[in-house]
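Pasted below: coords.txt, compact mmCIF, C-alpha atoms.
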# COMPACT_ATOMS: atom_id res chain seq x y z
CA MET A 1 155.33 48.22 147.96
CA VAL A 2 156.20 48.66 151.57
CA ASN A 3 158.23 51.14 153.63
CA GLU A 4 161.79 49.84 154.00
CA VAL A 5 162.11 51.01 157.60
CA GLU A 6 159.01 48.99 158.49
CA VAL A 7 160.50 45.87 156.94
CA PHE A 8 163.79 46.34 158.74
CA TYR A 9 161.83 46.92 161.91
CA LYS A 10 160.17 43.54 161.39
CA VAL A 11 163.53 41.78 161.29
CA ARG A 12 164.70 43.44 164.51
CA LYS A 13 165.74 40.88 167.08
CA SER A 14 164.46 41.05 170.63
CA PRO A 15 166.53 39.82 173.51
CA PRO A 16 165.31 36.77 175.43
CA PRO A 17 163.95 37.28 178.98
CA GLU A 18 167.02 35.48 180.31
CA LEU A 19 169.09 38.55 179.37
CA ASP A 20 167.46 40.46 182.26
CA ILE A 21 168.50 37.72 184.68
CA LYS A 22 172.01 37.55 183.23
CA VAL A 23 172.51 41.31 183.46
CA ARG A 24 171.09 41.44 187.00
CA ARG A 25 173.35 38.57 188.03
CA GLY A 26 176.37 40.20 186.38
CA ILE A 27 175.75 43.47 188.19
CA ARG A 28 175.31 41.68 191.50
CA ARG A 29 178.64 39.91 190.92
CA LEU A 30 180.26 43.25 190.09
CA LYS A 31 178.87 44.81 193.28
CA VAL A 32 180.17 41.87 195.35
CA ARG A 33 183.59 42.18 193.68
CA ARG A 34 183.66 45.93 194.34
CA PHE A 35 182.64 45.40 197.97
CA ALA A 36 185.27 42.67 198.40
CA GLY A 37 187.87 44.97 196.82
CA LEU A 38 186.89 47.80 199.13
CA LEU A 39 186.92 45.48 202.13
CA SER A 40 190.36 44.13 201.29
CA MET A 41 191.65 47.69 200.79
CA VAL A 42 190.27 48.67 204.19
CA PHE A 43 191.81 45.56 205.70
CA ILE A 44 195.20 46.19 204.06
CA PHE A 45 195.11 49.82 205.18
CA ALA A 46 194.14 48.90 208.73
CA PHE A 47 196.79 46.18 208.86
CA SER A 48 199.54 48.44 207.46
CA PHE A 49 198.50 51.31 209.70
CA GLY A 50 198.47 49.05 212.73
CA ALA A 51 201.82 47.54 211.83
CA ALA A 52 203.37 50.95 211.22
CA LEU A 53 201.93 52.24 214.48
CA ARG A 54 203.26 49.24 216.34
CA LEU A 55 206.67 49.63 214.74
CA LEU A 56 206.81 53.31 215.59
CA LEU A 57 205.35 53.28 219.06
CA PHE A 58 205.78 49.85 220.53
CA ARG A 59 208.96 47.89 220.70
CA ASP A 60 208.58 44.69 222.62
CA GLY A 61 205.43 46.10 224.09
CA LYS A 62 207.13 49.14 225.59
CA VAL A 63 206.52 52.72 224.67
CA PRO A 64 209.75 54.62 223.99
CA GLN A 65 210.15 57.64 226.20
CA VAL A 66 211.76 60.91 225.42
CA ILE A 67 215.38 60.86 226.50
CA SER A 68 217.30 63.98 227.21
CA VAL A 69 221.05 64.12 226.64
CA SER A 70 223.06 67.03 227.92
CA VAL A 71 226.69 67.63 227.09
CA GLN A 72 228.65 69.85 229.42
CA GLU A 73 228.19 73.21 227.70
CA ASN A 74 231.74 74.48 227.80
CA LEU A 75 232.94 71.39 225.88
CA LYS A 76 231.07 72.32 222.74
CA GLU A 77 232.95 74.45 220.20
CA SER A 78 235.88 74.46 222.67
CA ILE A 79 239.61 74.57 222.06
CA CYS A 80 241.25 71.55 223.65
CA PRO A 81 244.93 70.97 223.02
CA GLY A 82 245.35 67.18 222.46
CA VAL A 83 242.55 65.87 224.68
CA ALA A 84 238.89 66.86 224.79
CA PRO A 85 236.85 65.87 227.79
CA LEU A 86 233.52 64.12 227.16
CA LYS A 87 230.99 64.68 229.91
CA VAL A 88 227.44 63.65 229.08
CA GLU A 89 224.35 63.08 231.22
CA VAL A 90 221.34 61.09 230.01
CA GLU A 91 217.89 61.48 231.55
CA PRO A 92 216.09 59.47 232.80
CA GLU A 93 218.30 56.83 234.26
CA GLY A 94 218.16 53.59 232.29
CA VAL A 95 220.32 51.37 230.12
CA TYR A 96 221.83 53.15 227.13
CA SER A 97 224.37 52.15 224.54
CA TYR A 98 226.44 54.93 223.05
CA LYS A 99 228.86 55.48 220.20
CA VAL A 100 231.26 58.36 219.84
CA TYR A 101 232.45 59.28 216.35
CA VAL A 102 235.31 61.64 215.72
CA ASN A 103 235.50 62.96 212.17
CA GLY A 104 233.30 60.06 211.03
CA ASP A 105 235.27 57.24 212.68
CA VAL A 106 234.05 55.32 215.72
CA TYR A 107 236.19 56.46 218.62
CA ARG A 108 234.45 54.82 221.52
CA GLU A 109 231.39 52.68 222.21
CA GLY A 110 229.91 51.45 225.41
CA VAL A 111 226.97 51.18 227.75
CA THR A 112 225.92 53.60 230.46
CA SER A 113 223.04 54.06 232.85
CA LYS A 114 223.20 57.85 233.13
CA VAL A 115 226.62 59.47 232.88
CA ILE A 116 229.42 59.28 230.33
CA ASP A 117 232.60 60.68 231.76
CA ASP A 118 235.38 60.14 229.25
CA SER A 119 237.91 61.97 227.14
CA ILE A 120 238.83 62.02 223.47
CA VAL A 121 242.36 62.20 222.19
CA ILE A 122 242.30 64.50 219.21
CA ASN A 123 244.94 64.89 216.53
CA ASP A 124 243.35 67.05 213.87
CA PHE A 125 242.93 70.79 213.97
CA VAL A 126 239.15 70.64 213.52
CA ASN A 127 237.29 67.65 215.02
CA TYR A 128 233.69 66.85 214.43
CA VAL A 129 232.34 64.86 217.38
CA ASN A 130 229.12 62.89 217.00
CA LEU A 131 227.43 61.07 219.88
CA GLN A 132 224.68 58.53 219.29
CA ILE A 133 222.72 57.18 222.26
CA VAL A 134 220.17 54.35 222.10
CA ASP A 135 217.79 53.46 224.92
CA LEU A 136 218.20 49.68 225.18
CA ILE A 137 215.07 49.21 227.26
CA ASN A 138 212.49 51.44 225.65
CA GLY A 139 213.93 51.99 222.18
CA GLY A 140 214.34 55.76 221.97
CA GLU A 141 217.47 57.30 220.52
CA GLU A 142 219.27 60.62 220.49
CA ASP A 143 221.99 62.10 218.32
CA LEU A 144 224.25 65.05 219.19
CA SER A 145 227.14 66.69 217.34
CA TRP A 146 229.61 69.46 218.01
CA PHE A 147 233.05 70.71 217.01
CA VAL A 148 236.24 70.62 219.08
CA TYR A 149 239.36 72.50 217.96
CA ASN A 150 242.86 71.38 218.70
CA PHE A 151 245.77 73.86 218.95
CA MET B 152 174.16 64.19 185.00
CA ALA B 153 172.35 61.47 186.91
CA VAL B 154 171.08 58.65 184.74
CA ARG B 155 169.56 55.55 186.26
CA PHE B 156 170.93 52.27 184.97
CA GLU B 157 167.50 50.61 185.09
CA GLU B 158 166.11 53.23 182.72
CA VAL B 159 169.06 52.92 180.34
CA TYR B 160 168.72 49.15 180.36
CA SER B 161 164.98 49.07 179.71
CA ASP B 162 165.20 51.78 177.03
CA TYR B 163 168.13 50.39 175.08
CA LYS B 164 168.38 46.65 175.68
CA GLU B 165 166.53 45.93 172.43
CA MET B 166 168.69 48.34 170.45
CA VAL B 167 171.94 46.92 171.81
CA PHE B 168 170.86 43.31 171.44
CA ASN B 169 169.62 43.86 167.90
CA TYR B 170 172.86 45.60 166.91
CA VAL B 171 175.03 42.88 168.49
CA PHE B 172 172.94 40.12 166.94
CA TRP B 173 173.26 41.53 163.43
CA ARG B 174 176.99 42.08 163.85
CA LEU B 175 177.59 38.55 165.13
CA ASN B 176 174.73 36.73 163.50
CA ASP B 177 174.72 34.39 166.49
CA TYR B 178 171.86 34.53 168.98
CA ASP B 179 173.57 32.94 172.02
CA GLU B 180 176.77 34.88 171.59
CA ALA B 181 174.71 38.06 171.17
CA VAL B 182 173.06 37.43 174.55
CA ASP B 183 176.44 37.04 176.26
CA LEU B 184 177.93 40.08 174.58
CA THR B 185 174.87 42.22 175.35
CA GLN B 186 175.23 41.26 179.00
CA GLU B 187 178.90 42.30 178.96
CA ILE B 188 178.01 45.59 177.26
CA PHE B 189 175.44 46.46 179.93
CA ILE B 190 177.91 45.60 182.71
CA LYS B 191 180.34 47.99 181.01
CA ILE B 192 177.59 50.63 180.81
CA TYR B 193 176.82 50.11 184.51
CA LYS B 194 180.51 50.58 185.37
CA ASN B 195 180.86 53.73 183.26
CA LEU B 196 177.49 55.38 183.76
CA GLY B 197 179.04 57.90 186.14
CA LYS B 198 181.35 59.07 183.35
CA PHE B 199 178.48 60.01 181.05
CA LYS B 200 178.59 63.81 180.87
CA GLY B 201 175.70 64.38 178.47
CA GLU B 202 177.93 65.58 175.61
CA SER B 203 175.99 63.32 173.26
CA SER B 204 172.58 61.70 173.62
CA ILE B 205 172.43 58.70 175.92
CA LYS B 206 171.37 56.60 172.93
CA THR B 207 174.56 57.50 171.02
CA TRP B 208 176.69 56.95 174.12
CA VAL B 209 175.19 53.50 174.73
CA MET B 210 175.62 52.57 171.08
CA SER B 211 179.25 53.73 171.05
CA ILE B 212 179.98 51.38 173.96
CA ALA B 213 178.24 48.54 172.13
CA ILE B 214 180.19 49.20 168.90
CA ASN B 215 183.54 49.34 170.70
CA HIS B 216 182.77 46.18 172.62
CA VAL B 217 181.81 44.24 169.50
CA ASN B 218 184.91 45.53 167.68
CA ASP B 219 187.05 44.37 170.61
CA PHE B 220 185.33 41.00 170.46
CA PHE B 221 186.18 40.64 166.76
CA ARG B 222 189.71 41.85 167.36
CA LYS B 223 190.20 39.23 170.07
CA LYS B 224 188.78 36.59 167.78
CA LYS B 225 190.87 37.97 164.92
CA LYS B 226 187.82 38.09 162.71
CA PHE B 227 188.08 41.78 162.02
CA ASN B 228 189.72 42.71 158.77
CA PRO B 229 190.09 46.48 158.47
CA LEU B 230 191.72 46.29 155.00
CA TYR B 231 188.78 44.47 153.53
CA PHE B 232 186.54 46.87 155.32
CA GLU B 233 188.17 50.03 153.93
CA GLU B 234 188.47 48.61 150.43
CA TYR B 235 184.71 48.48 150.18
CA ALA B 236 183.88 51.43 152.34
CA ASN B 237 185.90 53.93 150.32
CA ASP B 238 184.70 52.73 146.98
CA ASP B 239 182.51 55.69 146.04
CA SER B 240 182.34 54.68 142.39
CA ILE B 241 179.49 52.29 143.14
CA ASP B 242 176.23 53.82 142.02
CA ASP B 243 173.37 54.34 144.40
CA PRO B 244 171.24 51.22 144.02
CA GLY B 245 168.14 53.35 144.61
CA PRO B 246 165.61 53.18 147.40
CA LEU B 247 164.97 49.81 148.89
CA GLU B 248 161.24 50.28 148.31
CA GLU B 249 161.86 49.10 144.77
CA MET B 250 163.21 45.83 146.02
CA ASP B 251 161.28 42.86 147.15
CA LEU B 252 161.07 43.81 150.77
CA GLU B 253 157.58 42.60 151.53
CA ASP B 254 158.71 39.33 152.94
CA ALA B 255 160.54 40.00 156.22
CA VAL B 256 161.84 36.45 156.32
CA LYS B 257 163.49 36.96 152.93
CA VAL B 258 165.13 40.15 154.18
CA GLU B 259 166.29 38.41 157.32
CA ARG B 260 167.90 35.62 155.33
CA ALA B 261 169.40 38.10 152.92
CA LEU B 262 170.88 40.06 155.81
CA GLU B 263 172.49 36.89 157.13
CA LYS B 264 174.36 36.60 153.85
CA LEU B 265 175.78 40.11 154.00
CA LYS B 266 179.15 41.11 155.38
CA ASP B 267 179.50 42.22 158.98
CA TRP B 268 180.03 45.91 158.06
CA GLU B 269 177.09 45.85 155.64
CA ARG B 270 174.79 44.55 158.34
CA GLU B 271 176.22 47.10 160.77
CA ILE B 272 175.46 50.13 158.60
CA LEU B 273 171.98 48.84 157.69
CA THR B 274 171.21 48.10 161.35
CA LEU B 275 172.33 51.53 162.52
CA TYR B 276 170.54 53.42 159.77
CA TYR B 277 167.33 51.48 159.18
CA MET B 278 166.67 49.53 162.36
CA GLU B 279 167.97 51.96 164.98
CA GLY B 280 167.25 55.18 163.13
CA PHE B 281 170.63 56.87 163.54
CA GLN B 282 171.28 59.82 161.22
CA TYR B 283 174.32 60.04 158.91
CA GLU B 284 176.06 62.47 161.30
CA GLU B 285 175.49 60.21 164.29
CA ILE B 286 176.73 57.13 162.42
CA ALA B 287 179.79 59.07 161.26
CA ARG B 288 180.56 59.98 164.88
CA LEU B 289 179.87 56.46 166.13
CA LEU B 290 182.07 54.75 163.53
CA ASN B 291 184.61 57.57 163.46
CA ILE B 292 184.37 57.99 159.70
CA PRO B 293 183.39 60.91 157.41
CA ILE B 294 179.73 61.36 156.45
CA GLY B 295 180.64 60.63 152.80
CA THR B 296 181.97 57.23 153.83
CA VAL B 297 178.77 56.54 155.77
CA LYS B 298 176.75 57.25 152.66
CA SER B 299 178.97 55.13 150.43
CA ARG B 300 178.92 52.24 152.90
CA LEU B 301 175.16 52.46 153.03
CA ASN B 302 174.96 52.42 149.24
CA ASN B 303 177.26 49.43 149.05
CA ALA B 304 175.26 47.60 151.72
CA LYS B 305 171.98 48.35 149.95
CA LYS B 306 173.46 47.18 146.69
CA SER B 307 174.60 43.91 148.28
CA LEU B 308 171.20 43.42 149.86
CA LYS B 309 169.45 44.10 146.58
CA LYS B 310 171.75 41.64 144.86
CA VAL B 311 171.02 38.91 147.38
CA LEU B 312 167.29 39.61 147.33
CA THR B 313 167.03 39.57 143.55
CA GLY B 314 169.53 36.82 143.00
CA GLY B 315 167.18 34.11 144.20
CA VAL B 316 169.92 32.64 146.36
CA ILE B 317 167.91 32.82 149.52
CA ASN B 318 164.93 30.92 148.18
CA GLY B 319 166.71 27.64 148.41
CA LYS B 320 167.69 28.17 152.05
Any chance you could give the structure as structure tokens?
Amino acid sequence: MVNEVEVFYKVRKSPPPELDIKVRRGIRRLKVRRFAGLLSMVFIFAFSFGAALRLLLFRDGKVPQVISVSVQENLKESICPGVAPLKVEVEPEGVYSYKVYVNGDVYREGVTSKVIDDSIVINDFVNYVNLQIVDLINGGEEDLSWFVYNF
Amino acid sequence: MAVRFEEVYSDYKEMVFNYVFWRLNDYDEAVDLTQEIFIKIYKNLGKFKGESSIKTWVMSIAINHVNDFFRKKKKFNPLYFEEYANDDSIDDPGPLEEMDLEDAVKVERALEKLKDWEREILTLYYMEGFQYEEIARLLNIPIGTVKSRLNNAKKSLKKVLTGGVINGK
């Protein structure tokens, strides 16, 4: 008669020494994979960050500068029977394209270096004027809106 | 809870390998699967919160991995498994001391003839020393089912050992 646990213990199987090597190798592979994953994530992040930075800050190698657009003050919220003057000054001097929208429709577009001296023929009672200016050299842009009333 | 992988590996490699071997009954495949289990343990060691003993945690990973292996190979048959496991009508075959257990080779050959689940319960209880409660938690079954599975497995083992089938092998 013999203790059953002892007998079962005798039939226990031991792993071969090669298991140690296999496990060590597997873990090394896992570490390499993790490192490669981390490296590629860092690379992707750096690449995306660089690309985004380049897209935001550099256009054709030039840094966009802050442009200042001033509309003659008394034209904003003014009452202009039939024709509203459009007097705009852009700083600094450069090459700018502009678009004037009246109530959502393009009214005028053109190119200027500094000053827009124009007028808008208005038909509606309330007119929403929107001016979009793009710096063609350095890539900055500016957007201004105001109301003009016609009666 | 900081646990070093090297310690876990040296403490439980025998337990895991033995369990996997007796589930698969294939030495080479057991080596490969044990390696995969320890890679899994290495990956998840940081998640071990100490809610159970490290031994139970390691064994639960081994059990799940072997079950996945069978599932992938479509060898696992839960219906067959439950049919036997829930059959409480089978009488307790009595302690194994009464059987012819003196010859370890005979027992080994008899074990090879048992079903996967029979070997599993015998391995967990006799070879690895898990208690009923621990086995119930590991296999996600009630304690009563653990006991009935153990009885069934013992009965099958007794049958094989006394049947003289293994002598000719």
Practice prompt. Within 8 Å of A:Glu141, counting all atoms listed in the file, which residues show up once you throw out same-chain ones fewer than 3 positions away? Write them as a ChimeraX atom specification, please.
Written response: /A:67,132-135
Contacts of chain B with chain A up to 10 Å, shortest pair per row, all atoms listed in the file, as JSON lines:
{"residue": "B:Tyr160", "atom": "CA", "partner": "A:Asp20", "partner_atom": "CA", "distance": 9.0}
{"residue": "B:Ser161", "atom": "CA", "partner": "A:Asp20", "partner_atom": "CA", "distance": 9.3}
{"residue": "B:Lys164", "atom": "CA", "partner": "A:Pro15", "partner_atom": "CA", "distance": 7.4}
{"residue": "B:Glu165", "atom": "CA", "partner": "A:Ser14", "partner_atom": "CA", "distance": 5.6}
{"residue": "B:Met166", "atom": "CA", "partner": "A:Ser14", "partner_atom": "CA", "distance": 8.4}
{"residue": "B:Val167", "atom": "CA", "partner": "A:Pro15", "partner_atom": "CA", "distance": 9.1}
{"residue": "B:Phe168", "atom": "CA", "partner": "A:Pro15", "partner_atom": "CA", "distance": 5.9}
{"residue": "B:Asn169", "atom": "CA", "partner": "A:Lys13", "partner_atom": "CA", "distance": 5.0}
{"residue": "B:Tyr170", "atom": "CA", "partner": "A:Lys13", "partner_atom": "CA", "distance": 8.5}
{"residue": "B:Val171", "atom": "CA", "partner": "A:Lys13", "partner_atom": "CA", "distance": 9.6}
{"residue": "B:Phe172", "atom": "CA", "partner": "A:Lys13", "partner_atom": "CA", "distance": 7.2}
{"residue": "B:Trp173", "atom": "CA", "partner": "A:Lys13", "partner_atom": "CA", "distance": 8.4}
{"residue": "B:Tyr178", "atom": "CA", "partner": "A:Pro15", "partner_atom": "CA", "distance": 8.8}
{"residue": "B:Asp179", "atom": "CA", "partner": "A:Pro16", "partner_atom": "CA", "distance": 9.7}
{"residue": "B:Ala181", "atom": "CA", "partner": "A:Pro15", "partner_atom": "CA", "distance": 8.7}
{"residue": "B:Val182", "atom": "CA", "partner": "A:Leu19", "partner_atom": "CA", "distance": 6.3}
{"residue": "B:Asp183", "atom": "CA", "partner": "A:Leu19", "partner_atom": "CA", "distance": 8.1}
{"residue": "B:Thr185", "atom": "CA", "partner": "A:Leu19", "partner_atom": "CA", "distance": 7.9}
{"residue": "B:Gln186", "atom": "CA", "partner": "A:Val23", "partner_atom": "CA", "distance": 5.2}
{"residue": "B:Glu187", "atom": "CA", "partner": "A:Val23", "partner_atom": "CA", "distance": 7.9}
{"residue": "B:Ile188", "atom": "CA", "partner": "A:Val23", "partner_atom": "CA", "distance": 9.3}
{"residue": "B:Phe189", "atom": "CA", "partner": "A:Val23", "partner_atom": "CA", "distance": 6.9}
{"residue": "B:Ile190", "atom": "CA", "partner": "A:Ile27", "partner_atom": "CA", "distance": 6.3}
{"residue": "B:Lys191", "atom": "CA", "partner": "A:Ile27", "partner_atom": "CA", "distance": 9.6}
{"residue": "B:Tyr193", "atom": "CA", "partner": "A:Ile27", "partner_atom": "CA", "distance": 7.7}
{"residue": "B:Lys194", "atom": "CA", "partner": "A:Leu30", "partner_atom": "CA", "distance": 8.7}
{"residue": "B:Pro246", "atom": "CA", "partner": "A:Glu4", "partner_atom": "CA", "distance": 8.3}
{"residue": "B:Leu247", "atom": "CA", "partner": "A:Glu4", "partner_atom": "CA", "distance": 6.0}
{"residue": "B:Glu248", "atom": "CA", "partner": "A:Glu4", "partner_atom": "CA", "distance": 5.7}
{"residue": "B:Glu249", "atom": "CA", "partner": "A:Met1", "partner_atom": "CA", "distance": 7.3}
{"residue": "B:Met250", "atom": "CA", "partner": "A:Met1", "partner_atom": "CA", "distance": 8.5}
{"residue": "B:Asp251", "atom": "CA", "partner": "A:Met1", "partner_atom": "CA", "distance": 8.0}
{"residue": "B:Leu252", "atom": "CA", "partner": "A:Val7", "partner_atom": "CA", "distance": 6.5}
{"residue": "B:Glu253", "atom": "CA", "partner": "A:Val2", "partner_atom": "CA", "distance": 6.2}
{"residue": "B:Asp254", "atom": "CA", "partner": "A:Val7", "partner_atom": "CA", "distance": 7.9}
{"residue": "B:Ala255", "atom": "CA", "partner": "A:Val7", "partner_atom": "CA", "distance": 5.9}
{"residue": "B:Val256", "atom": "CA", "partner": "A:Val11", "partner_atom": "CA", "distance": 7.5}
{"residue": "B:Lys257", "atom": "CA", "partner": "A:Val11", "partner_atom": "CA", "distance": 9.7}
{"residue": "B:Val258", "atom": "CA", "partner": "A:Val11", "partner_atom": "CA", "distance": 7.5}
{"residue": "B:Glu259", "atom": "CA", "partner": "A:Val11", "partner_atom": "CA", "distance": 5.9}
{"residue": "B:Arg260", "atom": "CA", "partner": "A:Val11", "partner_atom": "CA", "distance": 9.6}
{"residue": "B:Leu262", "atom": "CA", "partner": "A:Val11", "partner_atom": "CA", "distance": 9.3}
{"residue": "B:Leu273", "atom": "CA", "partner": "A:Phe8", "partner_atom": "CA", "distance": 8.6}
{"residue": "B:Thr274", "atom": "CA", "partner": "A:Phe8", "partner_atom": "CA", "distance": 8.1}
{"residue": "B:Tyr276", "atom": "CA", "partner": "A:Val5", "partner_atom": "CA", "distance": 9.0}
{"residue": "B:Tyr277", "atom": "CA", "partner": "A:Val5", "partner_atom": "CA", "distance": 5.5}
{"residue": "B:Met278", "atom": "CA", "partner": "A:Tyr9", "partner_atom": "CA", "distance": 5.5}
{"residue": "B:Glu279", "atom": "CA", "partner": "A:Tyr9", "partner_atom": "CA", "distance": 8.5}
{"residue": "B:Gly280", "atom": "CA", "partner": "A:Val5", "partner_atom": "CA", "distance": 8.6}
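Between atom CA of B:His216 and atom CA of B:Leu275 lies a distance of 15.5 Å.
The closest residue to B:Thr207, picked from B:Trp268, B:Ile286, B:Arg155, B:Ser299 and counting only C-alpha atoms, is B:Ile286.
Restricting the calculation to all atoms listed in the file, the smallest distance between A:Lys76 and any of A:Ser48, A:Met41, A:Phe125, A:Val88 is found for A:Val88.
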Practice prompt. Please provide as a list of chain:residue names all residues within 8 Å of B:Val209, with the sequence filter that same-chain residues fewer than 3 positions apart are discarded (counting only C-alpha atoms).
Written response: B:Tyr163, B:Val167, B:Ile192, B:Ile205, B:Lys206, B:Ile212, B:Ala213
Discussion item. So the first atom is atom CA of A:Ile116 and the second is atom CA of A:Gly140; what is the distance between them in Å, to one decimal place?
Written reply: 17.6 Å
Worksheet item: For the atom pair atom CA of A:Gly139 and atom CA of A:Leu86, what is the interatomic distance in Å to one decimal place?
Response: 23.6 Å
So for stretch 82-91 of chain A, what box centre and size do we get, axis-aligned, 5 Å extra on each of the six sides, every listed atom, Å to one decimal, as AutoDock Vina command-line options?
--center_x 231.6 --center_y 64.1 --center_z 227.0 --size_x 37.5 --size_y 16.1 --size_z 19.1
Could you pull the residues within 7 Å of stretch 99-113 of chain A, counting only C-alpha atoms, minus those fewer than 5 positions along the same chain, as an mmCIF file with C-alpha atoms, keeping the file's coordinate frame?
data_model
loop_
_atom_site.group_PDB
_atom_site.id
_atom_site.type_symbol
_atom_site.label_atom_id
_atom_site.label_comp_id
_atom_site.auth_asym_id
_atom_site.auth_seq_id
_atom_site.Cartn_x
_atom_site.Cartn_y
_atom_site.Cartn_z
ATOM 1 C CA GLU A 93 218.300 56.830 234.260
ATOM 2 C CA GLY A 94 218.160 53.590 232.290
ATOM 3 C CA ASN A 127 237.290 67.650 215.020
ATOM 4 C CA TYR A 128 233.690 66.850 214.430
ATOM 5 C CA VAL A 129 232.340 64.860 217.380
ATOM 6 C CA ASN A 130 229.120 62.890 217.000
ATOM 7 C CA LEU A 131 227.430 61.070 219.880
ATOM 8 C CA GLN A 132 224.680 58.530 219.290
ATOM 9 C CA ILE A 133 222.720 57.180 222.260
#
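Polymer residues near (234.6, 74.9, 223.4): counting all atoms listed in the file with a cut-off of 12 Å, they are Val71, Gln72, Glu73, Asn74, Leu75, Lys76, Glu77, Ser78, Ile79, Cys80, Pro81, Ala84, Pro85, Leu86, Val126, Asn127, Val129, Trp146, Phe147, Val148, Tyr149 and Asn150 of chain A.
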Can you write out the residues you just picked, keeping C-alpha atoms, as a JSON list (two decimals), keeping the file's coordinate frame?
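Once everything was written out, this is again07.json:
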[["chain", "number", "residue", "atom", "x", "y", "z"],
["A", 71, "VAL", "CA", 226.69, 67.63, 227.09],
["A", 72, "GLN", "CA", 228.65, 69.85, 229.42],
["A", 73, "GLU", "CA", 228.19, 73.21, 227.70],
["A", 74, "ASN", "CA", 231.74, 74.48, 227.80],
["A", 75, "LEU", "CA", 232.94, 71.39, 225.88],
["A", 76, "LYS", "CA", 231.07, 72.32, 222.74],
["A", 77, "GLU", "CA", 232.95, 74.45, 220.20],
["A", 78, "SER", "CA", 235.88, 74.46, 222.67],
["A", 79, "ILE", "CA", 239.61, 74.57, 222.06],
["A", 80, "CYS", "CA", 241.25, 71.55, 223.65],
["A", 81, "PRO", "CA", 244.93, 70.97, 223.02],
["A", 84, "ALA", "CA", 238.89, 66.86, 224.79],
["A", 85, "PRO", "CA", 236.85, 65.87, 227.79],
["A", 86, "LEU", "CA", 233.52, 64.12, 227.16],
["A", 126, "VAL", "CA", 239.15, 70.64, 213.52],
["A", 127, "ASN", "CA", 237.29, 67.65, 215.02],
["A", 129, "VAL", "CA", 232.34, 64.86, 217.38],
["A", 146, "TRP", "CA", 229.61, 69.46, 218.01],
["A", 147, "PHE", "CA", 233.05, 70.71, 217.01],
["A", 148, "VAL", "CA", 236.24, 70.62, 219.08],
["A", 149, "TYR", "CA", 239.36, 72.50, 217.96],
["A", 150, "ASN", "CA", 242.86, 71.38, 218.70]]
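Ranking A:Arg33, A:Phe47, A:Ala52, A:Ser70 by their shortest atom-to-atom distance to A:Asp143, with all atoms listed in the file included, puts A:Ser70 first.
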Discussion item. Counting all atoms listed in the file, find residues at most 9 Å from (174.8, 56.7, 154.0) (file frame) and give them as number ranges by chain.
Written reply: B: 272, 276, 282-283, 286, 294-302
Those residues with C-alpha atoms, as a short mmCIF file (atom, residue, chain, number, x, y, z; two decimals), in the coordinates of the input please?
data_model
loop_
_atom_site.label_atom_id
_atom_site.label_comp_id
_atom_site.auth_asym_id
_atom_site.auth_seq_id
_atom_site.Cartn_x
_atom_site.Cartn_y
_atom_site.Cartn_z
CA ILE B 272 175.46 50.13 158.60
CA TYR B 276 170.54 53.42 159.77
CA GLN B 282 171.28 59.82 161.22
CA TYR B 283 174.32 60.04 158.91
CA ILE B 286 176.73 57.13 162.42
CA ILE B 294 179.73 61.36 156.45
CA GLY B 295 180.64 60.63 152.80
CA THR B 296 181.97 57.23 153.83
CA VAL B 297 178.77 56.54 155.77
CA LYS B 298 176.75 57.25 152.66
CA SER B 299 178.97 55.13 150.43
CA ARG B 300 178.92 52.24 152.90
CA LEU B 301 175.16 52.46 153.03
CA ASN B 302 174.96 52.42 149.24
#
